[in-house]
Amino acid sequence: MKKINESVTIITGASSGIGAATALKLAKAGSCIILVSRADDKIEKVKRQIEEEGGKAEIFVADVTDIGQMKAMVDFTIDKFGRVDNLVNNAGLMLFSQWKDVAIDEWNSMIDTNIKGYLNAIAAVLPKLLEQRSGHVLNMGSVAGINIDVGAGIYHGTKFFVRAITESLRKEVSVHKGIKISLISPGVINTGWADKVTNKEGAEIAAELNKQAIEPDDIANAVLFAFDQPDNVNVNDIVISPTLQDW
C-alpha cells in the first residue's frame, strides 16, 4: 500500500460537504486529489484552497450515474498523476418524502446516484487496484443504513445497499486480494442537504433532523484515520453520530 503522502485519491461529490472537507484533509496529509463533481463553481474553490495550502488537486467534471464518465475519470487520474490508489465513494442524495406521496422521481434520483453511482465508481477503479494488488475503496454509508425512521424509506434502502456491497467487497477483495475496503457511516451532517428537500412534509422532517447535525470536517478526520493505517490494518466500519442522536 502507498503511504497517504505518496498516494493518489479520487473523491466523488467533492464540491461541498463531506467530499470537500475530505479532499482538503487528505491533500494536507500529502495525497494528490482528483476532485470529481458535476459542473459546479464550488469545485474550483476547493481546488484553489488545496493549492493555496500546498497540496495538489485536479478537477474532473462527471456524473457518477454514467459508467463511461467514471471510466474516463480513472484514465484522467492516471494521465495526471500516473496511478490511482484510493477511492472515496461519496456522491449521494438524501431526499425525504412519505410513502403516500409516491415520489417516484426522487426515488429514482437516489437509486441512480446512491446505488448505481457507487457501483459505477467501483467498476471503474477496481480493475486498476486488482492489477496492482493494492489500494483502498472507502464507501460513505450512513447510520440510515443501520436504523430505520419515517420519511426516508428509499434513502434508507440505498444506504443498506452500500453497507451490503462494502462487506461483500471486503470479504472478496480485501481478505484475498490485498485491497482495503472501508465504510464510514455518519449521522446527520451539516452539508446543506435539508435545503434540497422539496417535499413539504419531508422538508419539515429534514429541518428538524438538521438541528443536531455535526460538521463535515468530523467525517474527514475519520476518512484520514482509515487511510492512514499500516498495511496489516483494515478499518471495516466507523459509525459517527451527533452526541444527542439516539442510534
# chains A, B, ... in the order shown; residues from 1 in each chain; ligands from 1

$ select_by_dssp --residues "stretch 15-246 of chain A" --states "alpha helix (DSSP H)" --output "PyMOL selection string"
chain A and resi 17-28+41-52+67-81+104-110+117-132+153-169+175-177+200-210+216-227

$ residues_around --residues "A:Arg133" --least-positions-apart "5" --cutoff "9 Å" --atoms "only C-alpha atoms" --output "list in words"
Met1, Lys128, Lys177, Gly178 and Ile179 of chain A

$ closest_residue --among "A:Lys71, A:Ala23, A:Ala152, A:Pro242" --to "A:Trp99" --atoms "only C-alpha atoms"
A:Ala152

$ residues_around --residues "stretch 134-148 of chain A" --least-positions-apart "2" --cutoff "9 Å" --atoms "only C-alpha atoms" --output "PyMOL selection string"
chain A and resi 1-2+84-92+118+122+125-126+128-132+150+152-153+155-163+166+174+177-188+223+226-227+239-241+247

$ write_last_selection --atoms "C-alpha atoms" --output "PDB file, in the first residue's frame"
ATOM      1  CA  MET A   1       0.000   0.000   0.000  1.00  0.00           C
ATOM      2  CA  LYS A   2       1.141   3.530  -0.750  1.00  0.00           C
ATOM      3  CA  VAL A  84      -4.720   5.613  -8.646  1.00  0.00           C
ATOM      4  CA  ASP A  85      -4.628   4.355  -5.058  1.00  0.00           C
ATOM      5  CA  ASN A  86      -7.773   5.404  -3.223  1.00  0.00           C
ATOM      6  CA  LEU A  87     -11.444   5.954  -3.979  1.00  0.00           C
ATOM      7  CA  VAL A  88     -13.752   7.869  -1.658  1.00  0.00           C
ATOM      8  CA  ASN A  89     -17.205   6.932  -2.939  1.00  0.00           C
ATOM      9  CA  ASN A  90     -19.134   9.885  -1.574  1.00  0.00           C
ATOM     10  CA  ALA A  91     -21.512  11.433  -4.129  1.00  0.00           C
ATOM     11  CA  GLY A  92     -25.050  10.973  -2.865  1.00  0.00           C
ATOM     12  CA  TYR A 118     -21.350   3.847  -6.239  1.00  0.00           C
ATOM     13  CA  ILE A 122     -16.162   0.904  -8.076  1.00  0.00           C
ATOM     14  CA  VAL A 125     -11.453   1.896 -10.189  1.00  0.00           C
ATOM     15  CA  LEU A 126     -11.378  -1.727  -9.036  1.00  0.00           C
ATOM     16  CA  LYS A 128      -6.663  -0.972 -11.572  1.00  0.00           C
ATOM     17  CA  LEU A 129      -6.460  -1.811  -7.874  1.00  0.00           C
ATOM     18  CA  LEU A 130      -6.686  -5.537  -8.592  1.00  0.00           C
ATOM     19  CA  GLU A 131      -3.966  -5.230 -11.217  1.00  0.00           C
ATOM     20  CA  GLN A 132      -1.567  -3.589  -8.753  1.00  0.00           C
ATOM     21  CA  VAL A 150     -40.020   7.579   8.976  1.00  0.00           C
ATOM     22  CA  ALA A 152     -36.825   8.305   4.196  1.00  0.00           C
ATOM     23  CA  GLY A 153     -37.568   4.733   3.147  1.00  0.00           C
ATOM     24  CA  TYR A 155     -32.740   6.654   1.245  1.00  0.00           C
ATOM     25  CA  HIS A 156     -32.515   4.021   3.987  1.00  0.00           C
ATOM     26  CA  GLY A 157     -32.674   1.334   1.317  1.00  0.00           C
ATOM     27  CA  THR A 158     -29.812   2.840  -0.667  1.00  0.00           C
ATOM     28  CA  LYS A 159     -27.594   3.046   2.410  1.00  0.00           C
ATOM     29  CA  PHE A 160     -28.388  -0.538   3.440  1.00  0.00           C
ATOM     30  CA  PHE A 161     -27.266  -1.412  -0.092  1.00  0.00           C
ATOM     31  CA  VAL A 162     -23.971   0.449   0.393  1.00  0.00           C
ATOM     32  CA  ARG A 163     -23.382  -1.412   3.658  1.00  0.00           C
ATOM     33  CA  THR A 166     -18.961  -2.887   1.215  1.00  0.00           C
ATOM     34  CA  SER A 174      -9.687  -7.170   0.949  1.00  0.00           C
ATOM     35  CA  LYS A 177      -6.521  -9.521  -2.893  1.00  0.00           C
ATOM     36  CA  GLY A 178      -4.835  -7.088  -0.517  1.00  0.00           C
ATOM     37  CA  ILE A 179      -7.118  -4.134  -1.251  1.00  0.00           C
ATOM     38  CA  LYS A 180      -8.503  -2.279   1.748  1.00  0.00           C
ATOM     39  CA  ILE A 181     -12.258  -1.747   1.929  1.00  0.00           C
ATOM     40  CA  SER A 182     -13.858   0.604   4.447  1.00  0.00           C
ATOM     41  CA  LEU A 183     -17.265   2.005   5.339  1.00  0.00           C
ATOM     42  CA  ILE A 184     -17.943   5.219   7.223  1.00  0.00           C
ATOM     43  CA  SER A 185     -21.498   5.667   8.481  1.00  0.00           C
ATOM     44  CA  PRO A 186     -22.183   9.250   9.549  1.00  0.00           C
ATOM     45  CA  GLY A 187     -25.232  10.518  11.359  1.00  0.00           C
ATOM     46  CA  VAL A 188     -26.763  13.833  10.388  1.00  0.00           C
ATOM     47  CA  VAL A 223     -11.503   9.134   6.409  1.00  0.00           C
ATOM     48  CA  ALA A 226      -8.955   4.877   7.832  1.00  0.00           C
ATOM     49  CA  PHE A 227      -6.427   5.687   5.095  1.00  0.00           C
ATOM     50  CA  VAL A 239     -20.138   4.912  12.842  1.00  0.00           C
ATOM     51  CA  ILE A 240     -20.205   8.630  13.643  1.00  0.00           C
ATOM     52  CA  SER A 241     -23.253  10.348  15.088  1.00  0.00           C
ATOM     53  CA  TRP A 247     -28.898   5.455  17.203  1.00  0.00           C
TER      54      TRP A 247
END

$ select_by_dssp --residues "stretch 108-159 of chain A" --states "strand (DSSP E)" --output "PyMOL selection string"
chain A and resi 136-140

$ closest_residue --among "A:Asn232, A:Asn5, A:Gln98, A:Thr65" --to "A:Lys116" --atoms "only C-alpha atoms"
A:Thr65

$ atom_distance --atom1 "atom CA of A:Val61" --atom2 "atom CA of A:Ile189"
24.3 Å

$ residues_around --residues "A:Ala20" --least-positions-apart "2" --cutoff "10 Å" --atoms "only C-alpha atoms" --output "list of chain:residue names"
A:Ile11, A:Thr12, A:Gly13, A:Ala14, A:Ser15, A:Ser16, A:Gly17, A:Ile18, A:Thr22, A:Ala23, A:Leu24, A:Lys25, A:Leu35, A:Val36, A:Lys42, A:Ile43, A:Lys45, A:Val46, A:Lys47, A:Ile50, A:Pro216, A:Asp217, A:Ala220

$ atom_distance --atom1 "atom CA of A:Ala72" --atom2 "atom CA of A:Glu51"
23.7 Å

$ residues_around --residues "A:Ile154" --least-positions-apart "4" --cutoff "8 Å" --atoms "only C-alpha atoms" --output "list in words"
Trp107, Met110, Ile111 and Thr158 of chain A

$ closest_residue --among "A:His176, A:Phe81, A:Arg170, A:Asp63" --to "A:Ser7" --atoms "only C-alpha atoms"
A:Phe81

$ closest_residue --among "A:Val64, A:Val175, A:Asn234, A:Glu6" --to "A:Ile115" --atoms "only C-alpha atoms"
A:Val64

$ closest_residue --among "A:Gly151, A:Gly117, A:Val235, A:Asp218" --to "A:Ala103" --atoms "only C-alpha atoms"
A:Gly151

$ atom_distance --atom1 "atom CA of A:Asp231" --atom2 "atom CA of A:Lys171"
16.6 Å
